[in-house]
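For reference, my_file25.tsv (TSV, C-alpha atoms):
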chain	number	residue	atom	x	y	z
A	194	MET	CA	-15.39	-3.94	25.30
A	195	ILE	CA	-12.04	-2.14	25.50
A	196	VAL	CA	-11.52	1.48	26.50
A	197	ILE	CA	-8.20	3.20	25.83
A	198	LEU	CA	-7.82	5.90	28.49
A	199	ASN	CA	-5.63	8.97	29.00
A	200	ILE	CA	-4.47	9.12	25.39
A	201	LYS	CA	-2.10	12.06	25.01
A	202	GLY	CA	-3.44	12.66	21.50
A	203	LEU	CA	-6.12	10.76	19.55
A	204	CYS	CA	-5.06	11.34	15.93
A	205	GLY	CA	-6.57	10.99	12.47
A	206	ILE	CA	-10.18	11.68	13.47
A	207	LEU	CA	-12.57	11.90	10.52
A	208	ASP	CA	-16.26	11.74	9.81
A	209	LYS	CA	-16.94	8.21	8.54
A	210	ASP	CA	-18.32	9.57	5.26
A	211	ILE	CA	-14.99	11.19	4.30
A	212	LEU	CA	-13.23	8.61	2.12
A	213	ILE	CA	-10.48	10.69	0.49
A	214	LYS	CA	-8.50	13.89	1.04
A	215	ARG	CA	-7.40	16.18	-1.78
A	216	GLY	CA	-5.15	19.18	-2.18
A	217	GLN	CA	-5.03	21.56	0.76
A	218	ASP	CA	-7.35	19.31	2.76
A	219	LEU	CA	-4.43	16.92	3.17
A	220	ARG	CA	-2.99	19.41	5.68
A	221	SER	CA	-5.91	18.75	8.03
A	222	TYR	CA	-5.13	15.94	10.46
A	223	MET	CA	-7.44	16.29	13.46
A	224	PHE	CA	-6.34	15.09	16.86
A	225	LEU	CA	-7.98	15.26	20.24
A	226	PRO	CA	-5.78	15.82	23.32
A	227	ASP	CA	-6.29	13.96	26.61
A	228	ALA	CA	-8.72	11.50	25.07
A	229	PHE	CA	-10.41	8.12	25.38
A	230	LEU	CA	-11.49	5.58	22.75
A	231	VAL	CA	-14.17	2.90	23.14
A	232	ILE	CA	-13.97	-0.33	21.10
A	233	LYS	CA	-16.80	-2.84	20.85
A	234	ASP	CA	-17.04	-5.91	18.60
A	235	GLY	CA	-13.89	-4.86	16.75
A	236	LEU	CA	-15.28	-1.45	15.80
A	237	ILE	CA	-14.81	2.09	17.10
A	238	LYS	CA	-17.87	2.85	19.21
A	239	SER	CA	-17.08	6.31	20.57
A	240	TYR	CA	-14.34	8.71	21.62
A	241	GLY	CA	-13.95	11.99	23.45
A	242	THR	CA	-11.92	13.88	26.04
A	243	MET	CA	-11.17	12.44	29.46
A	244	THR	CA	-13.37	15.16	30.95
A	245	GLU	CA	-16.23	13.79	28.86
A	246	TRP	CA	-15.34	10.25	29.90
A	247	GLU	CA	-16.07	11.05	33.51
A	248	SER	CA	-19.63	11.94	32.58
A	249	VAL	CA	-20.30	8.93	30.32
A	250	LYS	CA	-18.35	6.04	31.86
A	251	GLU	CA	-21.39	4.85	33.80
A	252	GLU	CA	-22.92	3.89	30.44
A	253	TYR	CA	-20.26	1.21	30.11
A	254	SER	CA	-20.88	-1.35	32.83
A	255	ALA	CA	-18.00	-3.67	31.98
A	256	TYR	CA	-14.90	-2.79	30.02
A	257	GLU	CA	-11.22	-3.61	29.83
A	258	PRO	CA	-9.17	-0.45	30.48
A	259	VAL	CA	-5.91	0.24	28.66
A	260	GLN	CA	-3.85	3.17	29.88
A	261	ALA	CA	-2.08	5.31	27.26
A	262	ASN	CA	-0.55	8.05	29.40
A	263	GLY	CA	1.91	10.14	27.40
A	264	LYS	CA	1.19	8.16	24.21
A	265	TYR	CA	-0.50	8.92	20.90
A	266	LEU	CA	-3.10	6.72	19.20
A	267	MET	CA	-3.10	6.84	15.40
A	268	PRO	CA	-4.92	4.96	12.60
A	269	GLY	CA	-2.92	2.01	11.30
A	270	TRP	CA	-0.94	2.50	8.11
A	271	CYS	CA	-2.47	1.10	4.91
A	272	ASP	CA	0.09	-0.23	2.44
A	273	SER	CA	-1.60	-0.33	-0.96
A	274	HIS	CA	1.31	-1.61	-3.07
A	275	THR	CA	3.53	-4.58	-2.15
A	276	HIS	CA	5.22	-7.58	-3.79
A	277	LEU	CA	6.01	-9.33	-0.53
A	278	ILE	CA	5.69	-12.91	-1.78
A	279	TYR	CA	9.10	-13.83	-3.13
A	280	ALA	CA	11.59	-16.67	-2.79
A	281	ALA	CA	14.89	-14.85	-2.34
A	282	SER	CA	16.51	-11.44	-1.92
A	283	ARG	CA	18.43	-9.75	-4.76
A	284	GLU	CA	21.30	-8.03	-3.00
A	285	GLU	CA	23.69	-8.99	-5.83
A	286	GLU	CA	21.73	-6.64	-8.10
A	287	PHE	CA	22.05	-3.93	-5.48
A	288	VAL	CA	25.83	-4.28	-5.81
A	289	ASP	CA	25.53	-4.27	-9.61
A	290	ARG	CA	23.75	-0.91	-9.46
A	291	ILE	CA	26.46	0.48	-7.18
A	292	ASN	CA	28.94	-0.61	-9.83
A	293	GLY	CA	27.12	1.32	-12.53
A	294	LEU	CA	24.41	-0.90	-14.01
A	295	SER	CA	20.89	0.52	-14.29
A	296	TYR	CA	17.69	-1.28	-13.31
A	297	GLU	CA	16.96	-1.75	-17.01
A	298	ASP	CA	20.51	-3.06	-17.71
A	299	ILE	CA	20.04	-5.71	-15.05
A	300	ALA	CA	16.62	-6.66	-16.40
A	301	GLN	CA	17.92	-7.02	-19.95
A	302	ARG	CA	20.51	-9.60	-18.87
A	303	GLY	CA	17.93	-11.76	-17.08
A	304	GLY	CA	17.93	-10.12	-13.67
A	305	GLY	CA	15.19	-8.16	-11.96
A	306	ILE	CA	11.66	-9.53	-12.24
A	307	LEU	CA	12.77	-12.53	-14.34
A	308	ASN	CA	15.32	-13.43	-11.64
A	309	SER	CA	12.60	-13.45	-8.98
A	310	SER	CA	10.32	-15.41	-11.31
A	311	LYS	CA	12.81	-18.26	-11.71
A	312	LYS	CA	13.40	-18.51	-7.97
A	313	LEU	CA	9.69	-18.39	-7.16
A	314	ALA	CA	8.88	-21.18	-9.60
A	315	ALA	CA	11.30	-23.45	-7.74
A	316	ALA	CA	10.00	-22.58	-4.26
A	317	SER	CA	7.25	-24.47	-2.44
A	318	GLU	CA	3.94	-22.83	-1.57
A	319	GLU	CA	4.56	-23.55	2.10
A	320	ASP	CA	7.97	-21.84	2.15
A	321	LEU	CA	6.58	-18.84	0.27
A	322	PHE	CA	3.64	-18.59	2.66
A	323	LEU	CA	5.80	-18.78	5.78
A	324	SER	CA	8.33	-16.20	4.56
A	325	ALA	CA	5.49	-13.85	3.54
A	326	MET	CA	3.91	-14.15	6.99
A	327	GLN	CA	7.24	-13.26	8.60
A	328	ARG	CA	7.39	-10.11	6.50
A	329	ILE	CA	3.81	-9.27	7.41
A	330	ASP	CA	4.61	-9.68	11.12
A	331	SER	CA	7.43	-7.17	10.69
A	332	MET	CA	5.10	-4.74	8.94
A	333	ILE	CA	2.49	-5.06	11.69
A	334	ALA	CA	5.12	-4.25	14.30
A	335	LYS	CA	5.72	-0.98	12.47
A	336	GLY	CA	2.05	-0.01	12.43
A	337	THR	CA	0.63	-1.45	9.21
A	338	THR	CA	-2.89	-2.89	9.49
A	339	ALA	CA	-3.97	-3.22	5.82
A	340	ILE	CA	-1.88	-4.62	2.96
A	341	GLU	CA	-2.28	-5.13	-0.78
A	342	ILE	CA	-0.19	-8.01	-2.18
A	343	LYS	CA	0.54	-8.57	-5.87
A	344	SER	CA	1.40	-11.61	-7.90
A	345	GLY	CA	3.72	-10.93	-10.83
A	346	TYR	CA	6.75	-13.07	-10.06
A	347	GLY	CA	4.97	-16.06	-11.57
A	348	LEU	CA	4.73	-15.02	-15.23
A	349	SER	CA	3.11	-18.35	-16.09
A	350	LEU	CA	-0.42	-19.51	-15.44
A	351	GLU	CA	0.73	-22.12	-12.93
A	352	SER	CA	3.02	-19.83	-10.94
A	353	GLU	CA	0.67	-16.84	-10.99
A	354	LEU	CA	-2.10	-19.03	-9.58
A	355	LYS	CA	0.36	-20.35	-6.99
A	356	MET	CA	1.10	-16.82	-5.80
A	357	LEU	CA	-2.56	-15.81	-5.70
A	358	ARG	CA	-3.50	-18.94	-3.76
A	359	ILE	CA	-0.85	-18.03	-1.20
A	360	ILE	CA	-2.39	-14.55	-0.90
A	361	LYS	CA	-5.78	-16.18	-0.40
A	362	ARG	CA	-4.29	-18.29	2.39
A	363	ILE	CA	-2.81	-15.16	3.96
A	364	LYS	CA	-6.26	-13.53	3.86
A	365	GLU	CA	-7.71	-16.54	5.66
A	366	SER	CA	-4.88	-16.62	8.23
A	367	SER	CA	-4.68	-12.92	9.12
A	368	SER	CA	-6.96	-10.46	10.86
A	369	LEU	CA	-5.51	-7.66	8.74
A	370	ILE	CA	-7.29	-6.34	5.69
A	371	ILE	CA	-5.51	-8.11	2.83
A	372	LYS	CA	-6.19	-7.30	-0.82
A	373	SER	CA	-4.87	-9.33	-3.75
A	374	THR	CA	-3.76	-8.14	-7.18
A	375	PHE	CA	-3.16	-10.15	-10.35
A	376	LEU	CA	-0.01	-8.80	-12.02
A	377	GLY	CA	0.64	-11.28	-14.79
A	378	ALA	CA	1.71	-8.29	-16.91
A	379	HIS	CA	4.76	-7.56	-14.76
A	380	ALA	CA	7.29	-8.56	-17.43
A	381	VAL	CA	7.47	-10.72	-20.55
A	382	PRO	CA	8.69	-14.22	-19.61
A	383	GLU	CA	11.54	-15.93	-21.45
A	384	LYS	CA	9.11	-18.27	-23.20
A	385	PHE	CA	7.49	-15.28	-24.96
A	386	LYS	CA	10.68	-13.26	-25.41
A	387	ASN	CA	10.05	-12.74	-29.12
A	388	ASN	CA	6.25	-12.82	-28.94
A	389	LYS	CA	5.00	-10.20	-26.52
A	390	ALA	CA	1.66	-10.00	-28.36
A	391	GLY	CA	1.25	-13.71	-27.73
A	392	TYR	CA	1.88	-13.22	-24.02
A	393	VAL	CA	-0.68	-10.41	-23.85
A	394	ARG	CA	-3.22	-12.75	-25.49
A	395	HIS	CA	-2.26	-15.47	-22.99
A	396	ILE	CA	-2.94	-13.07	-20.11
A	397	ILE	CA	-6.29	-12.02	-21.55
A	398	ASP	CA	-7.53	-15.38	-22.86
A	399	ASP	CA	-6.12	-17.79	-20.27
A	400	MET	CA	-4.77	-16.16	-17.10
A	401	ILE	CA	-7.53	-13.69	-16.30
A	402	PRO	CA	-10.38	-16.20	-16.73
A	403	ALA	CA	-8.52	-18.74	-14.55
A	404	VAL	CA	-7.87	-16.17	-11.82
A	405	ALA	CA	-11.50	-15.08	-11.89
A	406	ALA	CA	-12.80	-18.65	-11.84
A	407	GLU	CA	-11.10	-19.23	-8.48
A	408	LYS	CA	-11.92	-15.71	-7.23
A	409	LEU	CA	-8.28	-15.15	-6.38
A	410	ALA	CA	-7.85	-11.42	-7.06
A	411	ASP	CA	-9.46	-8.09	-6.23
A	412	TYR	CA	-7.44	-6.08	-8.78
A	413	CYS	CA	-5.68	-6.40	-12.11
A	414	ASP	CA	-2.41	-4.50	-12.53
A	415	VAL	CA	0.00	-3.87	-15.44
A	416	PHE	CA	3.59	-2.58	-15.53
A	417	CYS	CA	3.07	0.12	-18.17
A	418	GLU	CA	6.62	1.08	-19.08
A	419	ARG	CA	9.07	1.13	-21.98
A	420	ASN	CA	10.45	-2.37	-22.63
A	421	TYR	CA	7.49	-3.81	-20.71
A	422	PHE	CA	3.86	-3.05	-21.70
A	423	SER	CA	2.59	-0.13	-23.79
A	424	GLN	CA	-0.36	2.10	-22.99
A	425	GLN	CA	-2.54	0.22	-25.49
A	426	GLU	CA	-1.49	-3.19	-24.16
A	427	THR	CA	-2.14	-1.95	-20.64
A	428	GLU	CA	-5.65	-0.79	-21.50
A	429	ASP	CA	-6.42	-4.03	-23.31
A	430	ILE	CA	-5.39	-6.12	-20.29
A	431	LEU	CA	-7.16	-3.89	-17.76
A	432	ASN	CA	-10.37	-3.83	-19.78
A	433	ALA	CA	-10.25	-7.62	-20.06
A	434	GLY	CA	-9.82	-7.89	-16.29
A	435	ALA	CA	-12.65	-5.45	-15.65
A	436	LYS	CA	-15.04	-7.76	-17.54
A	437	TYR	CA	-14.36	-10.31	-14.81
A	438	GLY	CA	-14.77	-7.81	-11.97
A	439	LEU	CA	-11.06	-7.12	-11.42
A	440	ILE	CA	-10.58	-3.45	-10.53
A	441	PRO	CA	-7.75	-1.82	-12.54
A	442	LYS	CA	-4.46	-0.61	-11.07
A	443	VAL	CA	-1.35	0.54	-12.96
A	444	HIS	CA	2.41	0.62	-12.41
A	445	ALA	CA	2.76	3.98	-14.16
A	446	ASN	CA	5.56	6.28	-15.31
A	447	GLN	CA	8.38	4.84	-13.20
A	448	MET	CA	11.14	5.00	-15.82
A	449	SER	CA	9.55	7.26	-18.44
A	450	ARG	CA	6.38	9.05	-19.49
A	451	SER	CA	4.89	5.73	-20.50
A	452	GLY	CA	1.21	6.62	-20.87
A	453	GLY	CA	0.49	4.65	-17.72
A	454	VAL	CA	-1.34	7.51	-16.03
A	455	GLN	CA	-3.56	8.03	-19.05
A	456	ALA	CA	-4.19	4.29	-19.28
A	457	GLY	CA	-5.25	4.23	-15.65
A	458	VAL	CA	-7.58	7.20	-16.02
A	459	ASN	CA	-9.06	5.79	-19.25
A	460	CYS	CA	-9.79	2.48	-17.51
A	461	ASN	CA	-11.10	4.05	-14.26
A	462	ALA	CA	-8.21	2.54	-12.28
A	463	ILE	CA	-8.45	2.90	-8.54
A	464	SER	CA	-4.78	3.93	-8.46
A	465	VAL	CA	-1.74	4.69	-10.59
A	466	ASP	CA	1.51	3.98	-8.74
A	467	HIS	CA	5.16	5.19	-8.96
A	468	LEU	CA	4.79	8.44	-10.98
A	469	GLU	CA	8.45	9.48	-11.13
A	470	PHE	CA	7.89	10.89	-14.62
A	471	VAL	CA	4.76	13.02	-14.39
A	472	GLU	CA	4.16	16.40	-15.99
A	473	ASP	CA	1.24	18.80	-16.44
A	474	GLU	CA	-0.56	16.52	-18.91
A	475	GLU	CA	-0.71	13.65	-16.43
A	476	ILE	CA	-1.75	15.96	-13.59
A	477	ALA	CA	-4.59	17.35	-15.73
A	478	ALA	CA	-5.78	13.83	-16.54
A	479	LEU	CA	-5.80	12.86	-12.85
A	480	LYS	CA	-7.70	16.01	-11.84
A	481	ASN	CA	-10.69	14.88	-13.85
A	482	SER	CA	-10.70	11.33	-12.48
A	483	THR	CA	-11.42	9.22	-9.41
A	484	THR	CA	-7.96	7.59	-9.67
A	485	MET	CA	-5.59	7.89	-6.70
A	486	PRO	CA	-1.97	8.85	-7.45
A	487	VAL	CA	0.33	6.70	-5.28
A	488	VAL	CA	4.01	7.46	-4.73
A	489	LEU	CA	6.48	4.76	-3.70
A	490	PRO	CA	9.39	6.60	-2.04
A	491	GLY	CA	11.29	3.42	-1.19
A	492	ALA	CA	11.72	2.49	-4.87
A	493	ALA	CA	12.76	5.98	-5.98
A	494	PHE	CA	15.21	6.12	-3.05
A	495	PHE	CA	16.68	2.65	-3.62
A	496	LEU	CA	17.00	3.00	-7.42
A	497	ASN	CA	18.10	6.64	-7.20
A	498	LEU	CA	15.31	7.74	-9.55
A	499	PRO	CA	13.92	11.27	-10.01
A	500	LEU	CA	11.34	12.03	-7.35
A	501	PRO	CA	7.66	12.16	-8.29
A	502	PRO	CA	6.30	15.74	-8.21
A	503	ALA	CA	4.23	15.04	-5.09
A	504	ARG	CA	4.21	18.65	-3.91
A	505	LYS	CA	3.08	19.86	-7.33
A	506	MET	CA	0.30	17.27	-7.48
A	507	ILE	CA	-1.07	18.23	-4.07
A	508	ASP	CA	-0.84	21.95	-4.85
A	509	ALA	CA	-2.82	21.26	-8.05
A	510	GLY	CA	-5.64	19.86	-5.91
A	511	LEU	CA	-4.95	16.15	-6.35
A	512	PRO	CA	-5.15	13.53	-3.62
A	513	LEU	CA	-2.00	11.54	-2.84
A	514	ALA	CA	-1.28	8.19	-1.22
A	515	VAL	CA	1.98	6.51	-0.24
A	516	ALA	CA	2.97	2.83	-0.17
A	517	THR	CA	6.17	0.84	0.33
A	518	ASP	CA	6.43	-1.18	-2.92
A	519	PHE	CA	7.96	-3.85	-0.65
A	520	ASN	CA	9.86	-6.18	-3.01
A	521	PRO	CA	13.28	-7.84	-3.22
A	522	GLY	CA	14.66	-5.83	-6.12
A	523	SER	CA	13.76	-2.16	-5.90
A	524	SER	CA	12.32	-1.52	-2.42
A	525	PRO	CA	13.29	-4.19	0.14
A	526	SER	CA	11.41	-2.57	3.02
A	527	GLY	CA	7.88	-2.74	4.36
A	528	ASP	CA	8.41	0.13	6.81
A	529	MET	CA	5.72	2.76	6.25
A	530	ASN	CA	7.33	5.01	8.87
A	531	PHE	CA	10.41	5.32	6.67
A	532	MET	CA	8.23	6.12	3.66
A	533	ILE	CA	6.59	8.90	5.67
A	534	SER	CA	10.04	10.26	6.58
A	535	LEU	CA	11.01	10.28	2.91
A	536	LEU	CA	7.80	12.13	2.04
A	537	CYS	CA	8.68	14.83	4.55
A	538	VAL	CA	12.42	15.10	3.87
A	539	GLN	CA	12.64	14.54	0.11
A	540	TYR	CA	9.16	15.35	-1.18
A	541	LYS	CA	8.59	18.39	1.08
A	542	LEU	CA	5.25	17.24	2.50
A	543	ASN	CA	4.42	18.27	6.02
A	544	PRO	CA	3.76	15.44	8.50
A	545	GLU	CA	-0.01	15.90	8.38
A	546	GLU	CA	-0.04	15.44	4.61
A	547	ALA	CA	2.17	12.38	4.94
A	548	PHE	CA	-0.02	10.83	7.66
A	549	ASN	CA	-3.14	11.29	5.51
A	550	ALA	CA	-1.32	9.83	2.50
A	551	ALA	CA	-0.48	6.72	4.56
A	552	THR	CA	-3.94	6.26	6.08
A	553	ILE	CA	-7.22	7.50	4.58
A	554	ASN	CA	-5.85	7.99	1.04
A	555	ALA	CA	-3.89	4.74	1.10
A	556	ALA	CA	-7.07	3.00	2.25
A	557	TYR	CA	-8.88	4.58	-0.71
A	558	ALA	CA	-6.20	3.14	-3.03
A	559	MET	CA	-7.21	-0.28	-1.66
A	560	ASN	CA	-10.95	0.48	-1.87
A	561	VAL	CA	-11.30	0.13	1.93
A	562	SER	CA	-11.48	3.72	3.17
A	563	HIS	CA	-15.09	3.04	4.19
A	564	LEU	CA	-13.73	0.40	6.60
A	565	THR	CA	-10.40	1.72	7.89
A	566	GLY	CA	-7.84	4.51	7.53
A	567	SER	CA	-9.17	6.91	10.15
A	568	ILE	CA	-10.51	7.14	13.66
A	569	SER	CA	-14.22	7.17	12.85
A	570	VAL	CA	-17.21	5.81	14.76
A	571	GLY	CA	-18.32	2.62	13.02
A	572	LYS	CA	-15.00	1.85	11.32
A	573	ARG	CA	-12.73	-1.04	12.23
A	574	ALA	CA	-10.58	-0.46	15.31
A	575	ASP	CA	-7.30	-0.68	13.37
A	576	PHE	CA	-4.73	1.55	15.06
A	577	PHE	CA	-1.44	1.72	16.89
A	578	ILE	CA	-0.34	3.29	20.15
A	579	THR	CA	3.06	4.96	20.24
A	580	LYS	CA	5.58	4.88	23.01
A	581	ALA	CA	5.58	7.96	25.23
A	582	ILE	CA	6.67	10.65	22.75
A	583	SER	CA	6.54	14.43	22.58
A	584	SER	CA	4.45	14.62	19.38
A	585	PRO	CA	3.48	12.55	16.29
A	586	TYR	CA	6.16	14.48	14.37
A	587	ILE	CA	8.65	12.17	16.09
A	588	ILE	CA	7.61	9.45	13.58
A	589	PRO	CA	9.15	11.11	10.49
A	590	TYR	CA	11.80	12.87	12.59
A	591	SER	CA	13.28	9.76	14.22
A	592	PHE	CA	13.37	7.74	10.99
A	593	ASN	CA	15.82	5.18	12.38
A	594	GLU	CA	13.68	4.22	15.37
A	595	ASN	CA	10.37	2.41	15.76
A	596	VAL	CA	8.35	4.45	18.25
A	597	ILE	CA	5.28	2.20	17.97
A	598	GLU	CA	4.54	0.30	21.16
A	599	SER	CA	1.44	-1.74	20.32
A	600	VAL	CA	-0.82	-2.43	17.34
A	601	TYR	CA	-4.53	-3.28	17.37
A	602	VAL	CA	-6.41	-4.93	14.51
A	603	LYS	CA	-10.21	-5.08	14.80
A	604	GLY	CA	-9.80	-4.03	18.41
A	605	LYS	CA	-7.41	-6.82	19.39
A	606	LYS	CA	-3.79	-6.23	20.34
A	607	VAL	CA	-1.51	-8.06	17.93
A	608	VAL	CA	1.90	-6.58	18.79
Could you quickly redo this structure as structure tokens?
Amino acid sequence: MIVILNIKGLCGILDKDILIKRGQDLRSYMFLPDAFLVIKDGLIKSYGTMTEWESVKEEYSAYEPVQANGKYLMPGWCDSHTHLIYAASREEEFVDRINGLSYEDIAQRGGGILNSSKKLAAASEEDLFLSAMQRIDSMIAKGTTAIEIKSGYGLSLESELKMLRIIKRIKESSSLIIKSTFLGAHAVPEKFKNNKAGYVRHIIDDMIPAVAAEKLADYCDVFCERNYFSQQETEDILNAGAKYGLIPKVHANQMSRSGGVQAGVNCNAISVDHLEFVEDEEIAALKNSTTMPVVLPGAAFFLNLPLPPARKMIDAGLPLAVATDFNPGSSPSGDMNFMISLLCVQYKLNPEEAFNAATINAAYAMNVSHLTGSISVGKRADFFITKAISSPYIIPYSFNENVIESVYVKGKKVV
């Protein structure tokens, strides 16, 4: 048993039954000053003020004390959208964009996703696994305790299965919550350049059954975008995946009003992600759904795209989550703290809204908000302790510094 004592502020407290926050409720981010937290068997057992601790500590005959004087304890970040398995960086494309090429220009000449696909096919599973684990270690150090990882740089049955098997190995090697997503519909590979319908059939008839047979994925995702996959193709693929138990997700409306939001809502997707091009029609569709809108500030920042209307969505009563989109081409960062800063500075969210978007709502977008994403009795003890800071607002304020001192996953210190 571990007891964290003299916590300056115990943050993100929620009743265990609250699995999502919407609209104005996102502004509520409860914290308890001068607090303690009890952890037993990897779960949160109890919490309270230090005054209350003095009256109950006799109930705990043996415990390991951890002092947190001057420090805040917050739920770990949940990153519900990453592509962190890749073979090489793509900084040459970064320079191309500086010199005037668009993301779509680069993709049309064989760069982008197809570039990563070629490099991944040539890389060994061991090298891909080791490099992914290094990235995960970096993310943990910055407070992340739950991660979704997509395939999608395979674009062939063999390479997609290779990626998903690596994610399975990561799940088995890590104490973090790891979720896996099949993203065979990330782009059309060179082999099917003039036969996109044939590739869609290949995904539905061959890839999805093979992924399901090995139980390699939790979700099925599609890049619903012009020059990639249409709304109808997206729905066909997601519905095929759902027949095998793969929960739908959608890359939606990043470059245009692609119909991705509507496809996600129609297929009962757990989330629709990106959302740079969203108007009243998409907001109305989301209001009548259980689908989580997820913004990816790193990608919009790095590609210099229009910002998703996050403020408008929240003010309309929607929930909102945030993720990194960690990938080598459009968001080469797994730092959730920076994403939170961008939410506050560029998207005009207050810190409380941003913290909820990165914890309880991000956990919902991974279908794990019943397990993690808040300080709740009975949930996993996934949290971080800051350095001695004046307030949690320092996290978005000091965007160039890591103020996290230690990270706990299932009650065990990992950083």
Using all atoms listed in the file, which residues of segment 268-311 of chain A come within 7 Å of segment 333-351 of chain A, and what is the closest atom pair for each, with the distance in Å to one decimal? Give it as a Markdown table, sorted by chain and residue number.
| residue | atom | partner | partner_atom | distance |
| --- | --- | --- | --- | --- |
| A:Gly269 | CA | A:Thr338 | CA | 5.2 |
| A:Trp270 | CA | A:Thr337 | CA | 4.4 |
| A:Cys271 | CA | A:Ala339 | CA | 4.7 |
| A:Asp272 | CA | A:Ile340 | CA | 4.8 |
| A:Ser273 | CA | A:Glu341 | CA | 4.9 |
| A:His274 | CA | A:Glu341 | CA | 5.5 |
| A:Thr275 | CA | A:Ile342 | CA | 5.1 |
| A:His276 | CA | A:Lys343 | CA | 5.2 |
| A:Leu277 | CA | A:Ile342 | CA | 6.6 |
| A:Ile306 | CA | A:Tyr346 | CA | 6.4 |
| A:Ser309 | CA | A:Tyr346 | CA | 6.0 |
| A:Ser310 | CA | A:Tyr346 | CA | 4.4 |
Could you give me, as an mmCIF file with C-alpha atoms, keeping the file's coordinate frame, the residues that have an atom at most 9 Å away from the point (1.5, 5.5, -14.2) in the coordinates of the file, using only C-alpha atoms?
data_model
loop_
_atom_site.group_PDB
_atom_site.id
_atom_site.type_symbol
_atom_site.label_atom_id
_atom_site.label_comp_id
_atom_site.auth_asym_id
_atom_site.auth_seq_id
_atom_site.Cartn_x
_atom_site.Cartn_y
_atom_site.Cartn_z
ATOM 1 C CA PHE A 416 3.590 -2.580 -15.530
ATOM 2 C CA CYS A 417 3.070 0.120 -18.170
ATOM 3 C CA GLU A 418 6.620 1.080 -19.080
ATOM 4 C CA VAL A 443 -1.350 0.540 -12.960
ATOM 5 C CA HIS A 444 2.410 0.620 -12.410
ATOM 6 C CA ALA A 445 2.760 3.980 -14.160
ATOM 7 C CA ASN A 446 5.560 6.280 -15.310
ATOM 8 C CA GLN A 447 8.380 4.840 -13.200
ATOM 9 C CA ARG A 450 6.380 9.050 -19.490
ATOM 10 C CA SER A 451 4.890 5.730 -20.500
ATOM 11 C CA GLY A 452 1.210 6.620 -20.870
ATOM 12 C CA GLY A 453 0.490 4.650 -17.720
ATOM 13 C CA VAL A 454 -1.340 7.510 -16.030
ATOM 14 C CA GLN A 455 -3.560 8.030 -19.050
ATOM 15 C CA ALA A 456 -4.190 4.290 -19.280
ATOM 16 C CA GLY A 457 -5.250 4.230 -15.650
ATOM 17 C CA SER A 464 -4.780 3.930 -8.460
ATOM 18 C CA VAL A 465 -1.740 4.690 -10.590
ATOM 19 C CA ASP A 466 1.510 3.980 -8.740
ATOM 20 C CA HIS A 467 5.160 5.190 -8.960
ATOM 21 C CA LEU A 468 4.790 8.440 -10.980
ATOM 22 C CA GLU A 469 8.450 9.480 -11.130
ATOM 23 C CA PHE A 470 7.890 10.890 -14.620
ATOM 24 C CA VAL A 471 4.760 13.020 -14.390
ATOM 25 C CA GLU A 475 -0.710 13.650 -16.430
ATOM 26 C CA PRO A 486 -1.970 8.850 -7.450
#
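Among A:Phe495, A:Glu545, A:Ile597, A:Met485, the residue with the shortest atom-to-atom distance to Arg290 of chain A, counting all atoms listed in the file, is A:Phe495.
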Need the shell around Val196 of chain A: protein/DNA/RNA residues with any atom at most 8 Å away, counting only C-alpha atoms. Skip same-chain ones fewer than 3 positions apart. Format as number ranges by chain? A: 229-232, 256-259
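We find atom CA of Tyr540 of chain A and atom CA of Gly491 of chain A to be spaced 12.1 Å apart.
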Which of these, A:Arg220, A:Lys442, A:Lys436, A:Lys606, has the shortest distance to Ala378 of chain A once you count all atoms listed in the file? A:Lys442
Excluding Pro585 of chain A and residues on its chain fewer than 5 positions from it, collect all residues at most 10 Å away from it, counting all atoms listed in the file, and give them as a list in words. Gly202, Cys204, Lys264, Tyr265, Leu266, Met267, Pro544, Glu545, Phe548, Thr579, Tyr590 and Val596 of chain A
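Shortest atom-to-atom contact with Ile200 of chain A among A:Leu323, A:Ile401, A:Leu369, A:Leu225: A:Leu225, counting only C-alpha atoms.
Between Gln260 of chain A and the residues A:Asp227, A:Glu546, A:Asp320, A:Asp398, the shortest atom-to-atom distance, using all atoms listed in the file, involves A:Asp227.
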If you count only C-alpha atoms, which residues fall within 12 Å of Val288 of chain A, apart from same-chain ones fewer than 6 positions away, as an mmCIF file with C-alpha atoms, in the frame of the given file?
data_model
loop_
_atom_site.group_PDB
_atom_site.id
_atom_site.type_symbol
_atom_site.label_atom_id
_atom_site.label_comp_id
_atom_site.auth_asym_id
_atom_site.auth_seq_id
_atom_site.Cartn_x
_atom_site.Cartn_y
_atom_site.Cartn_z
ATOM 1 C CA LEU A 294 24.410 -0.900 -14.010
ATOM 2 C CA SER A 295 20.890 0.520 -14.290
ATOM 3 C CA TYR A 296 17.690 -1.280 -13.310
ATOM 4 C CA ILE A 299 20.040 -5.710 -15.050
ATOM 5 C CA PHE A 495 16.680 2.650 -3.620
ATOM 6 C CA LEU A 496 17.000 3.000 -7.420
ATOM 7 C CA GLY A 522 14.660 -5.830 -6.120
#
Pick out the closest residue to Glu245 of chain A from this set: A:Phe375, A:Ala281, A:Leu207, A:Leu198. Count all atoms listed in the file. A:Leu198
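Omitting segment 599-605 of chain A and its sequence neighbours fewer than 6 positions away, and counting all atoms listed in the file, the residues within 6 Å are Gly235, Arg573, Ala574, Asp575, Phe576, Phe577 and Ile578 of chain A.
If you look at atom CA of Ile568 of chain A and atom CA of Ile237 of chain A, they are 7.5 Å away from each other.
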Neighbouring residues of Ile463 of chain A were defined as those with any atom within 12 Å, considering only C-alpha atoms; residues of the same chain fewer than 2 positions away were excluded. Please report them as a VMD selection string. chain A and resid 273 411 to 414 431 435 439 to 444 454 456 to 461 465 to 466 479 482 to 487 514 554 to 561
